[in-house]
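> If you scroll down you'll find the structure; I have some questions about it.
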Amino acid sequence: MEILPVILLLGIVLRIFLSELSPKPKKYPGHNRYRRTAYNDASGNSVLATLFDPGNFGEFLTYSCLENLGEQHKMLVNVYLPKADGTTTEIDLIMVSATGIYVFESKDYSGWIFGDENNRYWKQTFRGGRHYQFYNPIWQNKKHIGVLKQHLGLGDEVFLSYIVFGEDCVLKKMLVRSADVKVMNRNELMDEIMEDMARRPEIFTSLEIEQIHNELSRYARVDDATKQAHIDAMKWRNL
């Protein structure tokens with residue numbers, strides 16, 4: 001009476017084994033979604049550099065969400081904007097819209113996240129008590145916006161700061177007081193940004209959006225030397 005289940009089990013194992021031997025096209029996770037977006041053109045990152053690098057993949061997911069807003073919203077990825085001291089600041093993602101300039105800092109973290117807008121460091125905590133500190137991303141993005149403001153000659157009211165965490169973390173305790181700053185998981189991004197765009201007046205014409213986008217495009221898709229110089233400057237500051 002026990003022979004039949006054993007035969008059935010062996011049949012299932014054999015089918016799985018044969019299916020693995022048969023030729024079939026290999027696709028990377030998210031490959032089809034990657035091909036449907038303009039992220040490659042915007043970033044210059046290949047599918048491998050995108051899907052197998054956590055930082056790039058987080059930016060790609062945020063970019064692909066924002067694409068749903070329409071072509072009238074102009075986006076840029078990995079903008080290396082020059083600073084007064086001759087170094088650069090790297091901005092993950094910028095969206096230029098009629099209602100303002102939205103500046104995104106992408107964080108691909110897991111665990112529980114505790115943060116206060118006024119504290120220099122935030123905490124990432126895991127089960128078992130492991131925890132790590134990381135620099136306040138609101139402050140980080142504020143510096144990015146400061147360089148953008150100076151470069152474009154625009155006021156504070158134009159900019160909104162978005163700190164976007166992936167879905168693998170829980171924002172356990174988050175204290176944010178500034179009206180122009182949002183911290184969220186990526187699955188909340190579309191609701192948040194559509195709400196912000198609905199309540200804000202239009203401040204840029206389509207021509208002005210194009211002009212700002214063209215100006216900032218000069219600092220996107222930079223060469224390897226510029227990227228390495230930025231990395232070296234970051235290392236030097238952390239010594």
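Lettering and numbering for the structure tokens are positional, with chains as A, B, ... in the shown order, residues counted from 1 in each chain, and ligands counted from 1 in the shown order.
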Kindly assemble as a tab-separated table a list of the segment 173-236 of chain A residues that lie within 9 Å of segment 47-66 of chain A, each paired with its nearest atom pair and their distance in Å to one decimal, using only C-alpha atoms, sorted first by chain and then by ascending residue number.


residue	atom	partner	partner_atom	distance
A:Arg186	CA	A:Thr62	CA	6.9
A:Leu189	CA	A:Cys65	CA	8.0
A:Met190	CA	A:Cys65	CA	7.1

> Out of A:Trp122, A:Gly44, A:Thr37, A:Gly70, which residue has the shortest atom-to-atom distance to Asp224 of chain A when counting only C-alpha atoms?

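With only C-alpha atoms as the atom set, the closest residue is A:Gly44.
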
> Which residues are near segment 156-159 of chain A? Cut-off 9 Å, only C-alpha atoms, ignore same chain within fewer than 2 positions. Put them as number ranges by chain.

A: 99-103, 145-146, 149, 154, 161, 180, 203

> Okay, now the selection with N, CA, C and O atoms, as a PDB file, in the first residue's frame?


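This is the output file out-v1.pdb:
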ATOM      1  N   THR A  99       4.584  71.604 -10.272  1.00  0.00           N
ATOM      2  CA  THR A  99       4.351  72.010  -8.882  1.00  0.00           C
ATOM      3  C   THR A  99       5.629  72.075  -8.054  1.00  0.00           C
ATOM      4  O   THR A  99       5.553  72.310  -6.842  1.00  0.00           O
ATOM      5  N   GLY A 100       6.784  71.875  -8.667  1.00  0.00           N
ATOM      6  CA  GLY A 100       8.024  71.991  -7.914  1.00  0.00           C
ATOM      7  C   GLY A 100       9.072  70.977  -8.339  1.00  0.00           C
ATOM      8  O   GLY A 100       8.885  70.217  -9.297  1.00  0.00           O
ATOM      9  N   ILE A 101      10.164  70.962  -7.588  1.00  0.00           N
ATOM     10  CA  ILE A 101      11.258  70.022  -7.830  1.00  0.00           C
ATOM     11  C   ILE A 101      11.300  69.054  -6.661  1.00  0.00           C
ATOM     12  O   ILE A 101      11.529  69.446  -5.513  1.00  0.00           O
ATOM     13  N   TYR A 102      11.075  67.791  -6.968  1.00  0.00           N
ATOM     14  CA  TYR A 102      11.006  66.734  -5.953  1.00  0.00           C
ATOM     15  C   TYR A 102      12.347  66.000  -5.940  1.00  0.00           C
ATOM     16  O   TYR A 102      12.790  65.490  -6.979  1.00  0.00           O
ATOM     17  N   VAL A 103      12.972  65.961  -4.762  1.00  0.00           N
ATOM     18  CA  VAL A 103      14.318  65.402  -4.632  1.00  0.00           C
ATOM     19  C   VAL A 103      14.241  64.156  -3.756  1.00  0.00           C
ATOM     20  O   VAL A 103      13.766  64.220  -2.620  1.00  0.00           O
ATOM     21  N   ILE A 145      19.649  69.430  -1.663  1.00  0.00           N
ATOM     22  CA  ILE A 145      18.743  70.514  -2.080  1.00  0.00           C
ATOM     23  C   ILE A 145      19.441  71.864  -1.979  1.00  0.00           C
ATOM     24  O   ILE A 145      19.226  72.744  -2.817  1.00  0.00           O
ATOM     25  N   GLY A 146      20.309  72.030  -0.975  1.00  0.00           N
ATOM     26  CA  GLY A 146      21.051  73.278  -0.845  1.00  0.00           C
ATOM     27  C   GLY A 146      21.926  73.541  -2.064  1.00  0.00           C
ATOM     28  O   GLY A 146      21.997  74.679  -2.567  1.00  0.00           O
ATOM     29  N   LYS A 149      19.580  74.417  -5.001  1.00  0.00           N
ATOM     30  CA  LYS A 149      19.081  75.789  -4.876  1.00  0.00           C
ATOM     31  C   LYS A 149      20.114  76.795  -5.366  1.00  0.00           C
ATOM     32  O   LYS A 149      19.796  77.730  -6.102  1.00  0.00           O
ATOM     33  N   LEU A 154      17.052  79.163  -7.154  1.00  0.00           N
ATOM     34  CA  LEU A 154      15.642  79.066  -6.783  1.00  0.00           C
ATOM     35  C   LEU A 154      15.480  79.045  -5.268  1.00  0.00           C
ATOM     36  O   LEU A 154      16.419  78.730  -4.533  1.00  0.00           O
ATOM     37  N   SER A 161      11.460  67.305  -0.251  1.00  0.00           N
ATOM     38  CA  SER A 161      12.408  66.239   0.037  1.00  0.00           C
ATOM     39  C   SER A 161      11.670  64.955   0.367  1.00  0.00           C
ATOM     40  O   SER A 161      10.818  64.927   1.258  1.00  0.00           O
ATOM     41  N   ASP A 180       7.812  70.210   4.202  1.00  0.00           N
ATOM     42  CA  ASP A 180       8.359  69.913   2.873  1.00  0.00           C
ATOM     43  C   ASP A 180       9.248  68.675   2.870  1.00  0.00           C
ATOM     44  O   ASP A 180      10.008  68.455   1.928  1.00  0.00           O
ATOM     45  N   ILE A 203       3.990  76.188 -10.406  1.00  0.00           N
ATOM     46  CA  ILE A 203       4.958  77.285 -10.352  1.00  0.00           C
ATOM     47  C   ILE A 203       5.891  77.305 -11.568  1.00  0.00           C
ATOM     48  O   ILE A 203       6.577  78.298 -11.790  1.00  0.00           O
TER      49      ILE A 203
END

> To one decimal place, how far is atom CA of Asn40 of chain A from atom CA of Lys83 of chain A in Å?

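Distance reported for this atom pair: 26.3 Å.
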
> With only C-alpha atoms as the counted atoms, please give the residues lying no more than 10 Å from segment 206-212 of chain A, apart from itself and same-chain residues fewer than 3 positions off, as a PyMOL selection string.

chain A and resi 72-74+95-101+152+203+215-217
